[in-house]
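What follows is upload_38.cif (mmCIF, C-alpha atoms).
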```cif
data_input
#
loop_
_atom_site.label_atom_id
_atom_site.label_comp_id
_atom_site.auth_asym_id
_atom_site.auth_seq_id
_atom_site.Cartn_x
_atom_site.Cartn_y
_atom_site.Cartn_z
CA MET A 731 0.00 0.00 0.00
CA SER A 732 1.52 3.25 -1.08
CA ARG A 733 -0.01 6.49 -2.18
CA LYS A 734 1.51 7.83 -5.33
CA ILE A 735 1.23 11.53 -6.10
CA ARG A 736 -0.95 12.14 -9.16
CA VAL A 737 -0.67 15.47 -10.96
CA LEU A 738 -2.59 16.98 -13.85
CA ILE A 739 -0.60 19.33 -16.05
CA ALA A 740 -2.79 21.40 -18.33
CA LYS A 741 -2.59 24.38 -20.60
CA PRO A 742 -5.71 26.52 -20.53
CA GLY A 743 -6.29 29.15 -23.16
CA LEU A 744 -5.18 29.63 -26.69
CA ASP A 745 -1.39 29.77 -26.75
CA GLY A 746 0.26 26.67 -28.12
CA HIS A 747 3.60 26.93 -26.37
CA ASP A 748 3.74 23.72 -24.41
CA ARG A 749 7.46 23.18 -24.03
CA GLY A 750 7.46 24.46 -20.46
CA ALA A 751 4.51 22.27 -19.53
CA LYS A 752 6.23 19.23 -21.05
CA VAL A 753 9.49 19.93 -19.22
CA ILE A 754 7.57 20.09 -15.94
CA ALA A 755 5.63 16.91 -16.76
CA ARG A 756 8.86 15.09 -17.49
CA ALA A 757 10.55 16.35 -14.32
CA LEU A 758 7.61 15.29 -12.16
CA ARG A 759 7.65 11.86 -13.78
CA ASP A 760 11.34 11.55 -12.95
CA ALA A 761 10.46 12.45 -9.36
CA GLY A 762 8.23 9.37 -9.25
CA MET A 763 4.86 11.05 -9.78
CA GLU A 764 2.09 10.03 -12.14
CA VAL A 765 1.47 12.93 -14.48
CA ILE A 766 -1.63 13.23 -16.58
CA TYR A 767 -0.94 15.54 -19.47
CA THR A 768 -3.95 16.90 -21.34
CA GLY A 769 -2.29 18.99 -24.00
CA ILE A 770 -2.87 22.52 -25.23
CA ARG A 771 -5.95 24.70 -25.66
CA GLN A 772 -8.00 23.36 -22.79
CA THR A 773 -11.07 25.05 -21.39
CA PRO A 774 -11.36 25.39 -17.59
CA GLU A 775 -14.31 22.95 -17.76
CA GLN A 776 -12.20 20.31 -19.50
CA ILE A 777 -9.41 20.77 -16.97
CA ALA A 778 -11.69 20.58 -13.92
CA ASN A 779 -13.46 17.48 -15.20
CA ALA A 780 -10.21 15.77 -16.10
CA ALA A 781 -8.82 16.53 -12.64
CA ILE A 782 -11.86 14.94 -11.02
CA GLN A 783 -12.02 11.87 -13.27
CA GLU A 784 -8.31 11.27 -12.89
CA GLY A 785 -8.43 11.61 -9.11
CA VAL A 786 -5.39 13.88 -8.96
CA ASP A 787 -3.98 15.57 -5.85
CA ILE A 788 -2.88 18.71 -7.61
CA VAL A 789 -3.31 20.57 -10.89
CA GLY A 790 -0.56 22.58 -12.55
CA LEU A 791 -1.69 25.24 -15.04
CA SER A 792 0.63 26.79 -17.56
CA SER A 793 -0.20 29.97 -19.43
CA LEU A 794 1.87 32.19 -21.66
CA SER A 795 -0.97 34.04 -23.30
CA GLY A 796 -1.86 36.58 -20.64
CA ALA A 797 -5.29 35.07 -19.98
CA HIS A 798 -4.30 33.64 -16.60
CA MET A 799 -6.39 36.15 -14.62
CA SER A 800 -9.62 34.76 -15.99
CA LEU A 801 -8.64 31.13 -16.67
CA PHE A 802 -6.79 30.12 -13.48
CA PRO A 803 -9.49 31.30 -11.02
CA LYS A 804 -12.14 29.70 -13.22
CA VAL A 805 -10.54 26.27 -12.76
CA VAL A 806 -10.47 26.75 -8.97
CA GLN A 807 -14.09 27.87 -8.98
CA LEU A 808 -15.26 24.91 -11.09
CA LEU A 809 -13.46 22.42 -8.85
CA LYS A 810 -15.20 23.98 -5.88
CA GLU A 811 -18.60 23.80 -7.56
CA LYS A 812 -18.02 20.13 -8.29
CA GLY A 813 -17.13 19.38 -4.69
CA ALA A 814 -13.43 18.97 -5.38
CA GLU A 815 -11.99 21.94 -3.51
CA ASP A 816 -9.41 19.62 -1.93
CA ILE A 817 -7.57 19.46 -5.26
CA VAL A 818 -4.75 22.02 -5.08
CA VAL A 819 -4.19 24.30 -8.08
CA PHE A 820 -0.88 25.96 -8.85
CA GLY A 821 0.23 27.90 -11.90
CA GLY A 822 3.19 29.04 -13.91
CA GLY A 823 4.21 30.87 -17.05
CA ILE A 824 4.48 34.45 -18.14
CA ILE A 825 2.66 36.14 -15.29
CA PRO A 826 3.19 39.73 -14.08
CA VAL A 827 4.33 39.84 -10.45
CA ASP A 828 1.49 42.21 -9.63
CA ASP A 829 -1.05 39.52 -10.54
CA ILE A 830 0.30 36.98 -8.08
CA PRO A 831 -1.46 38.27 -4.92
CA LEU A 832 -4.75 38.44 -6.82
CA LEU A 833 -4.35 34.88 -8.13
CA LYS A 834 -3.53 33.64 -4.64
CA LYS A 835 -6.59 35.38 -3.31
CA ALA A 836 -8.61 33.55 -5.96
CA GLY A 837 -7.40 30.23 -4.60
CA ILE A 838 -4.30 29.50 -6.68
CA SER A 839 -1.88 28.01 -4.16
CA GLU A 840 1.37 29.12 -5.79
CA ILE A 841 2.70 30.79 -8.93
CA PHE A 842 6.04 29.88 -10.47
CA LEU A 843 7.74 32.36 -12.76
CA PRO A 844 10.23 31.75 -15.57
CA GLY A 845 13.58 30.68 -14.18
CA THR A 846 12.11 28.47 -11.47
CA SER A 847 14.01 25.21 -11.21
CA THR A 848 12.10 21.99 -11.63
CA GLU A 849 13.49 20.86 -8.26
CA GLU A 850 11.71 23.77 -6.63
CA ILE A 851 8.39 22.74 -8.14
CA ILE A 852 8.91 19.10 -7.18
CA ARG A 853 9.69 20.09 -3.62
CA TYR A 854 6.66 22.35 -3.52
CA ILE A 855 4.34 19.55 -4.63
CA GLN A 856 5.84 17.02 -2.24
CA GLU A 857 5.46 19.39 0.67
CA THR A 858 1.97 20.52 -0.27
CA ILE A 859 0.47 17.09 -0.84
CA LYS A 860 0.17 15.29 2.42
CA ILE A 861 -0.08 11.72 1.23
CA THR A 862 -1.78 9.61 3.85
CA MET B 1354 -19.22 9.30 7.52
CA GLY B 1355 -22.17 6.98 7.14
CA THR B 1356 -22.54 6.55 3.39
CA THR B 1357 -19.98 4.38 1.73
CA LEU B 1358 -18.22 5.33 -1.47
CA ALA B 1359 -20.00 2.39 -3.10
CA LYS B 1360 -23.40 3.78 -2.23
CA ARG B 1361 -22.47 7.20 -3.54
CA ILE B 1362 -21.16 5.65 -6.75
CA LEU B 1363 -24.43 3.83 -7.31
CA GLU B 1364 -26.19 7.17 -6.84
CA GLY B 1365 -24.07 8.61 -9.63
CA ASP B 1366 -21.43 10.47 -7.62
CA VAL B 1367 -18.48 10.89 -10.00
CA ARG B 1368 -16.20 12.17 -7.26
CA ALA B 1369 -16.77 9.03 -5.19
CA ALA B 1370 -16.04 6.81 -8.18
CA SER B 1371 -12.82 8.64 -8.84
CA ARG B 1372 -11.76 8.39 -5.21
CA LEU B 1373 -12.41 4.66 -5.08
CA MET B 1374 -10.40 4.17 -8.26
CA ARG B 1375 -7.55 5.96 -6.56
CA ASP B 1376 -7.81 3.74 -3.49
CA ILE B 1377 -7.87 0.65 -5.70
CA ASP B 1378 -4.82 1.78 -7.63
CA ASP B 1379 -2.94 2.64 -4.45
CA ARG B 1380 -4.03 -0.68 -2.92
CA ILE B 1381 -5.66 0.86 0.13
CA PRO B 1382 -7.28 -1.98 2.13
CA SER B 1383 -10.61 -0.17 2.59
CA ALA B 1384 -11.20 -0.36 -1.18
CA LEU B 1385 -11.99 -4.05 -0.80
CA ALA B 1386 -15.09 -3.40 1.28
CA GLU B 1387 -16.34 -0.97 -1.36
CA LEU B 1388 -15.69 -3.46 -4.16
CA LYS B 1389 -17.62 -6.11 -2.25
CA GLU B 1390 -20.59 -3.80 -2.16
CA LEU B 1391 -20.32 -2.92 -5.86
CA TYR B 1392 -19.77 -6.41 -7.23
CA PRO B 1393 -23.46 -7.43 -7.39
CA LYS B 1394 -24.13 -4.34 -9.51
CA THR B 1395 -21.54 -5.21 -12.14
CA GLY B 1396 -21.56 -7.46 -15.18
CA ARG B 1397 -23.74 -5.26 -17.33
CA ALA B 1398 -21.26 -3.27 -19.38
CA TYR B 1399 -19.87 -4.42 -22.72
CA ILE B 1400 -16.09 -4.33 -22.59
CA ILE B 1401 -13.99 -3.51 -25.63
CA GLY B 1402 -10.22 -3.93 -25.54
CA ILE B 1403 -7.93 -2.09 -27.89
CA THR B 1404 -4.28 -2.97 -28.22
CA GLY B 1405 -1.40 -2.41 -30.61
CA PRO B 1406 2.08 -0.93 -30.88
CA PRO B 1407 2.94 2.55 -29.54
CA GLY B 1408 1.86 5.27 -31.91
CA SER B 1409 -0.49 3.06 -33.91
CA GLY B 1410 -3.39 5.40 -33.15
CA LYS B 1411 -5.25 3.56 -30.41
CA SER B 1412 -6.28 6.69 -28.50
CA THR B 1413 -7.44 8.44 -31.65
CA ILE B 1414 -9.51 5.39 -32.65
CA VAL B 1415 -11.04 5.33 -29.16
CA ASP B 1416 -11.85 9.04 -29.43
CA LYS B 1417 -13.66 8.54 -32.73
CA MET B 1418 -15.52 5.44 -31.55
CA VAL B 1419 -16.74 7.30 -28.48
CA GLU B 1420 -18.24 9.93 -30.76
CA ILE B 1421 -20.35 7.26 -32.46
CA PHE B 1422 -21.36 5.54 -29.22
CA ARG B 1423 -22.45 8.86 -27.76
CA LYS B 1424 -24.54 9.69 -30.84
CA GLU B 1425 -26.31 6.40 -30.23
CA GLY B 1426 -27.00 7.49 -26.66
CA LYS B 1427 -24.67 4.99 -24.99
CA THR B 1428 -22.59 6.01 -21.99
CA VAL B 1429 -18.89 5.20 -22.10
CA GLY B 1430 -16.08 4.53 -19.64
CA ILE B 1431 -12.49 4.55 -20.83
CA VAL B 1432 -9.50 3.04 -19.07
CA ALA B 1433 -6.26 4.12 -20.75
CA VAL B 1434 -3.05 2.47 -19.62
CA ASP B 1435 0.43 3.95 -20.11
CA PRO B 1436 3.77 2.64 -18.87
CA THR B 1437 5.38 3.34 -15.51
CA SER B 1438 9.08 4.18 -15.54
CA PRO B 1439 10.99 1.17 -14.21
CA PHE B 1440 13.60 3.53 -12.77
CA THR B 1441 11.63 6.23 -10.98
CA GLY B 1442 8.15 4.74 -10.61
CA GLY B 1443 6.76 7.85 -12.28
CA ALA B 1444 4.68 7.99 -15.43
CA ILE B 1445 3.38 10.38 -18.03
CA LEU B 1446 -0.18 9.49 -18.93
CA GLY B 1447 -0.94 11.13 -22.23
CA ASP B 1448 -3.74 9.12 -23.83
CA ARG B 1449 -6.24 11.71 -22.67
CA ILE B 1450 -4.81 14.33 -25.02
CA ARG B 1451 -6.63 12.70 -27.95
CA MET B 1452 -9.89 12.32 -26.06
CA GLN B 1453 -10.15 15.59 -24.15
CA ARG B 1454 -13.06 16.87 -26.23
CA HIS B 1455 -15.19 14.30 -24.39
CA ALA B 1456 -14.07 15.62 -20.98
CA THR B 1457 -17.10 17.87 -20.62
CA ASP B 1458 -19.57 15.16 -21.67
CA GLU B 1459 -21.21 13.72 -18.57
CA GLY B 1460 -21.80 10.46 -20.40
CA VAL B 1461 -18.07 9.81 -20.69
CA PHE B 1462 -15.62 9.00 -17.89
CA ILE B 1463 -11.94 8.70 -18.73
CA ARG B 1464 -9.35 7.30 -16.36
CA SER B 1465 -5.64 7.04 -17.11
CA LEU B 1466 -3.67 4.32 -15.35
CA ALA B 1467 0.02 3.59 -15.10
CA THR B 1468 1.15 -0.03 -15.37
CA ARG B 1469 3.00 0.20 -12.02
CA GLY B 1470 5.14 -2.79 -12.88
CA SER B 1471 2.56 -5.06 -14.51
CA LEU B 1472 3.73 -6.79 -17.65
CA GLY B 1473 0.68 -7.92 -19.60
CA GLY B 1474 -0.23 -4.56 -21.12
CA LEU B 1475 -2.65 -3.60 -18.34
CA SER B 1476 -2.21 -2.57 -14.72
CA ARG B 1477 -3.10 -4.75 -11.75
CA SER B 1478 -5.96 -2.47 -10.87
CA THR B 1479 -7.52 -2.49 -14.34
CA GLN B 1480 -10.10 -5.20 -13.65
CA ASP B 1481 -11.34 -3.56 -10.45
CA ILE B 1482 -11.50 -0.15 -12.07
CA ILE B 1483 -13.62 -1.69 -14.82
CA HIS B 1484 -15.90 -2.99 -12.05
CA VAL B 1485 -16.33 0.56 -10.75
CA MET B 1486 -17.21 1.93 -14.20
CA ASP B 1487 -19.57 -0.98 -14.69
CA ALA B 1488 -21.29 -0.17 -11.40
CA MET B 1489 -21.48 3.48 -12.46
CA GLY B 1490 -23.75 2.21 -15.21
CA LYS B 1491 -21.54 2.76 -18.22
CA ASP B 1492 -22.95 0.87 -21.21
CA ILE B 1493 -19.60 0.44 -22.88
CA ILE B 1494 -16.16 0.31 -21.32
CA ILE B 1495 -13.15 0.69 -23.58
CA VAL B 1496 -9.81 -0.50 -22.27
CA GLU B 1497 -6.77 0.81 -24.08
CA THR B 1498 -3.58 -1.12 -23.29
CA VAL B 1499 -0.09 0.31 -23.22
CA GLY B 1500 1.62 0.28 -26.58
CA VAL B 1501 2.44 -3.38 -26.92
CA GLY B 1502 4.97 -5.49 -28.75
CA GLN B 1503 4.28 -9.13 -29.26
CA ASP B 1504 3.34 -10.79 -26.02
CA GLU B 1505 1.11 -8.47 -24.01
CA VAL B 1506 -2.11 -10.37 -24.42
CA GLU B 1507 -3.77 -9.90 -21.05
CA ILE B 1508 -6.50 -7.81 -22.63
CA VAL B 1509 -8.06 -10.95 -24.12
CA HIS B 1510 -9.05 -12.08 -20.62
CA THR B 1511 -10.58 -8.70 -19.86
CA ALA B 1512 -12.56 -7.67 -22.93
CA HIS B 1513 -15.55 -9.15 -24.71
CA THR B 1514 -14.21 -7.88 -28.02
CA SER B 1515 -10.46 -7.40 -28.51
CA ILE B 1516 -9.30 -5.07 -31.25
CA VAL B 1517 -5.71 -5.27 -32.48
CA VAL B 1518 -4.47 -2.10 -34.19
CA LEU B 1519 -1.59 -2.35 -36.64
CA VAL B 1520 0.05 0.19 -38.92
CA PRO B 1521 1.86 -0.37 -42.22
CA GLY B 1522 5.61 -0.60 -42.19
CA LEU B 1523 6.27 -2.49 -38.98
CA GLY B 1524 8.07 -5.45 -40.46
CA ASP B 1525 7.78 -8.32 -42.86
CA ASP B 1526 4.98 -10.83 -43.03
CA ILE B 1527 6.77 -13.24 -40.71
CA GLN B 1528 6.08 -10.78 -37.91
CA ALA B 1529 2.43 -11.41 -38.48
CA ILE B 1530 2.57 -15.17 -38.17
CA LYS B 1531 4.37 -15.21 -34.87
CA ALA B 1532 2.35 -16.09 -31.83
CA GLY B 1533 1.05 -13.39 -29.52
CA ILE B 1534 -1.09 -10.39 -30.19
CA ILE B 1535 -1.91 -11.58 -33.70
CA GLU B 1536 -3.80 -14.48 -32.16
CA ILE B 1537 -5.98 -12.48 -29.83
CA GLY B 1538 -7.72 -10.11 -32.23
CA ASP B 1539 -11.45 -10.53 -32.67
CA ILE B 1540 -11.12 -7.57 -34.98
CA PHE B 1541 -8.06 -6.17 -36.74
CA VAL B 1542 -7.54 -2.56 -37.70
CA ILE B 1543 -4.92 -1.33 -40.10
CA ASN B 1544 -4.72 2.31 -39.14
CA LYS B 1545 -2.95 5.09 -41.05
CA CYS B 1546 -4.06 3.14 -44.13
CA GLU B 1547 -3.13 6.04 -46.40
CA ARG B 1548 0.47 4.98 -45.91
CA GLU B 1549 2.32 2.83 -48.37
CA GLY B 1550 2.09 -0.86 -47.66
CA ALA B 1551 -1.41 -0.90 -46.21
CA ASP B 1552 -2.85 -3.08 -48.97
CA LYS B 1553 0.00 -5.55 -48.79
CA MET B 1554 -0.35 -5.67 -45.05
CA GLU B 1555 -4.03 -6.43 -45.38
CA ARG B 1556 -3.31 -9.26 -47.84
CA ASP B 1557 -0.60 -10.71 -45.60
CA LEU B 1558 -2.76 -10.48 -42.52
CA ARG B 1559 -5.70 -12.08 -44.26
CA LEU B 1560 -3.49 -14.91 -45.43
CA VAL B 1561 -2.17 -15.44 -41.92
CA LEU B 1562 -5.66 -15.48 -40.49
CA GLU B 1563 -6.82 -17.96 -43.11
CA MET B 1564 -3.80 -20.19 -42.57
CA GLY B 1565 -4.37 -20.25 -38.84
CA ARG B 1566 -6.43 -22.89 -37.12
CA LYS B 1567 -10.15 -22.31 -37.15
CA ARG B 1568 -11.32 -20.57 -34.02
CA GLU B 1569 -13.41 -22.63 -31.66
CA ASP B 1570 -16.15 -20.04 -31.61
CA GLY B 1571 -16.39 -20.03 -35.43
CA TRP B 1572 -15.77 -16.28 -35.61
CA ASP B 1573 -13.87 -15.04 -38.62
CA PRO B 1574 -11.93 -11.91 -37.54
CA PRO B 1575 -12.55 -9.04 -39.96
CA ILE B 1576 -9.92 -6.50 -40.97
CA PHE B 1577 -10.83 -2.82 -41.16
CA LYS B 1578 -8.70 -0.16 -42.75
CA THR B 1579 -8.95 3.19 -41.00
CA GLU B 1580 -7.50 6.65 -41.10
CA ALA B 1581 -8.58 7.46 -37.59
CA ILE B 1582 -7.42 11.05 -37.48
CA LEU B 1583 -9.97 11.82 -40.21
CA GLY B 1584 -12.56 9.43 -38.82
CA LYS B 1585 -12.36 7.22 -41.92
CA GLY B 1586 -13.46 3.63 -41.41
CA ILE B 1587 -14.51 4.09 -37.78
CA PHE B 1588 -18.20 3.62 -38.46
CA GLU B 1589 -17.46 0.27 -40.11
CA LEU B 1590 -15.26 -0.67 -37.16
CA VAL B 1591 -18.02 0.07 -34.64
CA TYR B 1592 -20.46 -2.07 -36.61
CA GLY B 1593 -17.82 -4.79 -36.73
CA ILE B 1594 -17.84 -4.71 -32.93
CA TYR B 1595 -21.63 -5.01 -32.89
CA ARG B 1596 -21.45 -7.98 -35.26
CA HIS B 1597 -18.94 -9.68 -32.99
CA LYS B 1598 -21.10 -9.02 -29.95
CA GLN B 1599 -24.07 -10.55 -31.75
CA ALA B 1600 -22.04 -13.58 -32.80
CA LEU B 1601 -20.88 -14.06 -29.20
CA GLU B 1602 -24.41 -13.86 -27.91
CA GLN B 1603 -25.76 -16.30 -30.48
CA SER B 1604 -23.13 -18.93 -29.78
CA GLN B 1605 -22.03 -20.33 -26.45
CA ALA B 1606 -18.87 -18.25 -26.76
CA MET B 1607 -20.16 -15.39 -24.64
CA GLU B 1608 -20.90 -17.61 -21.67
CA LYS B 1609 -17.53 -19.28 -22.03
CA LYS B 1610 -15.78 -15.93 -22.19
CA ILE B 1611 -17.56 -14.61 -19.12
CA LYS B 1612 -16.83 -17.82 -17.25
CA GLU B 1613 -13.13 -17.62 -18.08
CA ARG B 1614 -12.99 -14.03 -17.05
CA THR B 1615 -14.81 -14.61 -13.79
CA MET B 1616 -12.46 -17.45 -12.97
CA LYS B 1617 -9.42 -15.37 -13.77
CA THR B 1618 -10.60 -12.45 -11.65
CA PHE B 1619 -11.33 -14.77 -8.76
CA LEU B 1620 -7.95 -16.50 -8.96
CA GLU B 1621 -6.20 -13.13 -9.06
CA VAL B 1622 -8.06 -11.94 -5.99
CA LEU B 1623 -7.30 -15.22 -4.23
CA GLU B 1624 -3.64 -15.07 -5.19
CA SER B 1625 -3.31 -11.52 -3.97
CA GLU B 1626 -5.03 -12.39 -0.65
CA VAL B 1627 -2.80 -15.39 -0.06
CA MET B 1628 0.33 -13.47 -1.00
CA ASN B 1629 -0.53 -10.57 1.28
CA HIS B 1630 -1.18 -12.97 4.12
CA PHE B 1631 2.24 -14.57 3.82
CA ILE B 1632 4.13 -11.37 3.17
CA GLN B 1633 2.57 -9.64 6.18
CA LYS B 1634 3.32 -12.63 8.37
CA LEU B 1635 6.95 -12.80 7.30
CA GLU B 1636 7.37 -9.06 7.70
CA LYS B 1637 5.78 -9.09 11.14
CA LYS B 1638 8.20 -11.72 12.32
CA GLY B 1639 11.02 -9.85 10.60
CA GLN B 1640 11.90 -12.96 8.66
CA LEU B 1641 11.70 -11.63 5.13
CA GLU B 1642 15.01 -9.83 5.32
CA THR B 1643 16.76 -12.86 6.85
CA ILE B 1644 15.37 -15.22 4.25
CA VAL B 1645 16.51 -13.00 1.40
CA GLN B 1646 20.00 -12.77 2.93
CA GLU B 1647 20.24 -16.53 3.28
CA LEU B 1648 19.02 -16.99 -0.29
CA MET B 1649 21.63 -14.56 -1.59
CA TYR B 1650 24.42 -16.55 0.03
CA ARG B 1651 22.86 -19.75 -1.29
CA ASN B 1652 22.57 -21.14 2.23
CA ILE B 1653 19.01 -22.13 1.46
CA ASP B 1654 16.91 -22.45 -1.67
CA PRO B 1655 13.62 -20.63 -2.38
CA TYR B 1656 11.69 -23.84 -3.10
CA SER B 1657 12.33 -25.37 0.33
CA VAL B 1658 11.61 -22.11 2.13
CA ALA B 1659 8.25 -21.76 0.37
CA GLU B 1660 7.36 -25.37 1.22
CA ARG B 1661 8.35 -24.89 4.85
CA ILE B 1662 6.29 -21.70 5.22
CA MET B 1663 3.26 -23.38 3.70
CA ALA B 1664 3.60 -26.39 5.98
CA GLU B 1665 4.01 -24.20 9.06
CA THR B 1666 0.94 -22.15 8.25
CA LEU B 1667 -1.22 -25.19 7.64
CA LYS B 1668 -0.04 -26.65 10.95
CA GLU B 1669 -0.77 -23.42 12.83
CA ASN B 1670 -4.25 -23.27 11.41
CA LYS B 1671 -4.96 -26.82 12.53
CA GLU B 1672 -3.98 -26.12 16.10
#
```
Encoding of this model in structure tokens:
Amino acid sequence: MSRKIRVLIAKPGLDGHDRGAKVIARALRDAGMEVIYTGIRQTPEQIANAAIQEGVDIVGLSSLSGAHMSLFPKVVQLLKEKGAEDIVVFGGGIIPVDDIPLLKKAGISEIFLPGTSTEEIIRYIQETIKIT
Amino acid sequence: MGTTLAKRILEGDVRAASRLMRDIDDRIPSALAELKELYPKTGRAYIIGITGPPGSGKSTIVDKMVEIFRKEGKTVGIVAVDPTSPFTGGAILGDRIRMQRHATDEGVFIRSLATRGSLGGLSRSTQDIIHVMDAMGKDIIIVETVGVGQDEVEIVHTAHTSIVVLVPGLGDDIQAIKAGIIEIGDIFVINKCEREGADKMERDLRLVLEMGRKREDGWDPPIFKTEAILGKGIFELVYGIYRHKQALEQSQAMEKKIKERTMKTFLEVLESEVMNHFIQKLEKKGQLETIVQELMYRNIDPYSVAERIMAETLKENKE
């Protein structure tokens, strides 16, 4: 019996730059996690439903298009509506520093900016997810 | 708490279903009680297996089939298996990418699984997760194996209809007459059929199938050529599945299949119970480590140790 961390990595919105998301997915895999990758151009509804069906502990959202202020909180809100507020949501990408407090207020647990090491993200997930 | 996950699942609670699947996959002991409660409600879904080499288009075919099933008003569960890294235990589960347009359809439930060390093309938890989807009331459950080579044939014991997907250009015709996945197909698909070599592959495959021994159930596996990304040939494939289902139901083959599967599931559960019993006992006494040490130095042999442990347990139970 051993809980394995399951993570959903998703790209909401319209930009197609998924290299960052793939690098993260790969790094999390190498840290022993199961990573569900849903690809680019996902709606918040698709992401929330996938997170629930896949039974993940945490969702990582990547956005480089500037639409994070509407898309990230929407995912959090949908998870809550569906009774899945225990699923943690974090984000990363091209995000102005000034937006971070607002995103956190909207329920995004953490924001990672360009230059963050993958080790930092791995550590964050391991510390945030209390596997019972 | 009061209500069990099982009860909530039977009431249509998706969250509960997902949580139980997680417990099953992580082998949490409480999942067994839930499965006990669900078992009487299972056995209704029609299970379709789809297998084939990596990159042959299995997920895309599944995506297009789901579209047809949904138009017919059928609800669908999908179990998609991808490999676990043997080095880190991690996995990237990417089959969903091709199916995400169904994510907002309440009639579709998709679950990605990692093999977690299983070898037969499925994960250990696959059968139990199918039970959960069955209990959720899904009409059709599609099980997509990991990308397979030649010998990952476990799907045949899981599905009512097994589909083997091939693509042109994988090797000469001798590849096709080897034992293994070629033998398990109830239906064959040559996907990416716009590629060179598709017609030859079809001829070779047909020859191999005709040369082979007649199947006991009298079914003659059809070959469909598809270009799944464009949806070409998928309609024919779905009706091929219906024809196979009908043939199964009209012969005794269906009963035989279900009997075999039930037996296999039971034996697996039994095996896992017995194994857990012995492992826990050895670990509790702290003997496992010692035994392994002794085995490494060749002071004892594994066959005698296993016999001795069995004999001891039987004796203890008598007392």
Which neighbours of Tyr1595 of chain B fall inside 12 Å, counting all atoms listed in the file, when residues of the same chain fewer than 5 positions from it are skipped, and could you give them as a list in words?
Tyr1399, Ile1400, Ile1401, Phe1422, Ile1493, His1513, Thr1514, Asp1539, Ile1540, Phe1588, Glu1589, Leu1590, Ala1600, Leu1601 and Glu1602 of chain B
Result set of the PyMOL selection byres ((chain B and resi 1489) around 12) on the coordinates above, as an NGL selection string
:B and (1358-1371 or 1373-1374 or 1391-1392 or 1394-1398 or 1428-1430 or 1459-1462 or 1482-1488 or 1490-1494)
Please expand the PyMOL selection byres ((chain A) within 7 of (chain B)) into the concrete residues it hits in this file, giving the result as number ranges by chain.
A: 731-734, 759-769, 775-776, 779-780, 782-785
Atoms kept (C-alpha atoms) for selection, written as an mmCIF file, in the coordinates of the input:
```
data_model
loop_
_atom_site.group_PDB
_atom_site.id
_atom_site.type_symbol
_atom_site.label_atom_id
_atom_site.label_comp_id
_atom_site.auth_asym_id
_atom_site.auth_seq_id
_atom_site.Cartn_x
_atom_site.Cartn_y
_atom_site.Cartn_z
ATOM 1 C CA MET A 731 0.000 0.000 0.000
ATOM 2 C CA SER A 732 1.520 3.250 -1.080
ATOM 3 C CA ARG A 733 -0.010 6.490 -2.180
ATOM 4 C CA LYS A 734 1.510 7.830 -5.330
ATOM 5 C CA ARG A 759 7.650 11.860 -13.780
ATOM 6 C CA ASP A 760 11.340 11.550 -12.950
ATOM 7 C CA ALA A 761 10.460 12.450 -9.360
ATOM 8 C CA GLY A 762 8.230 9.370 -9.250
ATOM 9 C CA MET A 763 4.860 11.050 -9.780
ATOM 10 C CA GLU A 764 2.090 10.030 -12.140
ATOM 11 C CA VAL A 765 1.470 12.930 -14.480
ATOM 12 C CA ILE A 766 -1.630 13.230 -16.580
ATOM 13 C CA TYR A 767 -0.940 15.540 -19.470
ATOM 14 C CA THR A 768 -3.950 16.900 -21.340
ATOM 15 C CA GLY A 769 -2.290 18.990 -24.000
ATOM 16 C CA GLU A 775 -14.310 22.950 -17.760
ATOM 17 C CA GLN A 776 -12.200 20.310 -19.500
ATOM 18 C CA ASN A 779 -13.460 17.480 -15.200
ATOM 19 C CA ALA A 780 -10.210 15.770 -16.100
ATOM 20 C CA ILE A 782 -11.860 14.940 -11.020
ATOM 21 C CA GLN A 783 -12.020 11.870 -13.270
ATOM 22 C CA GLU A 784 -8.310 11.270 -12.890
ATOM 23 C CA GLY A 785 -8.430 11.610 -9.110
#
```
Selection near segment 840-843 of chain A, 7 Å with only C-alpha atoms, sequence-local residues under 4 positions removed, as a ChimeraX atom specification:
/A:820-825,830,834
What residues come out when you apply the PyMOL selection byres ((chain A and resi 743) around 12) to this file, written as a compact mmCIF listing (two decimals) with C-alpha atoms, in the frame of the given file?
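Writing done, so here's out-v2.txt:
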```
# COMPACT_ATOMS: atom_id res chain seq x y z
CA ALA A 740 -2.79 21.40 -18.33
CA LYS A 741 -2.59 24.38 -20.60
CA PRO A 742 -5.71 26.52 -20.53
CA LEU A 744 -5.18 29.63 -26.69
CA ASP A 745 -1.39 29.77 -26.75
CA GLY A 746 0.26 26.67 -28.12
CA HIS A 747 3.60 26.93 -26.37
CA ASP A 748 3.74 23.72 -24.41
CA GLY A 769 -2.29 18.99 -24.00
CA ILE A 770 -2.87 22.52 -25.23
CA ARG A 771 -5.95 24.70 -25.66
CA GLN A 772 -8.00 23.36 -22.79
CA THR A 773 -11.07 25.05 -21.39
CA PRO A 774 -11.36 25.39 -17.59
CA GLU A 775 -14.31 22.95 -17.76
CA GLN A 776 -12.20 20.31 -19.50
CA ILE A 777 -9.41 20.77 -16.97
CA LEU A 791 -1.69 25.24 -15.04
CA SER A 792 0.63 26.79 -17.56
CA SER A 793 -0.20 29.97 -19.43
CA LEU A 794 1.87 32.19 -21.66
CA SER A 795 -0.97 34.04 -23.30
CA GLY A 796 -1.86 36.58 -20.64
CA ALA A 797 -5.29 35.07 -19.98
CA HIS A 798 -4.30 33.64 -16.60
CA MET A 799 -6.39 36.15 -14.62
CA SER A 800 -9.62 34.76 -15.99
CA LEU A 801 -8.64 31.13 -16.67
CA PHE A 802 -6.79 30.12 -13.48
CA LYS A 804 -12.14 29.70 -13.22
CA VAL A 805 -10.54 26.27 -12.76
```
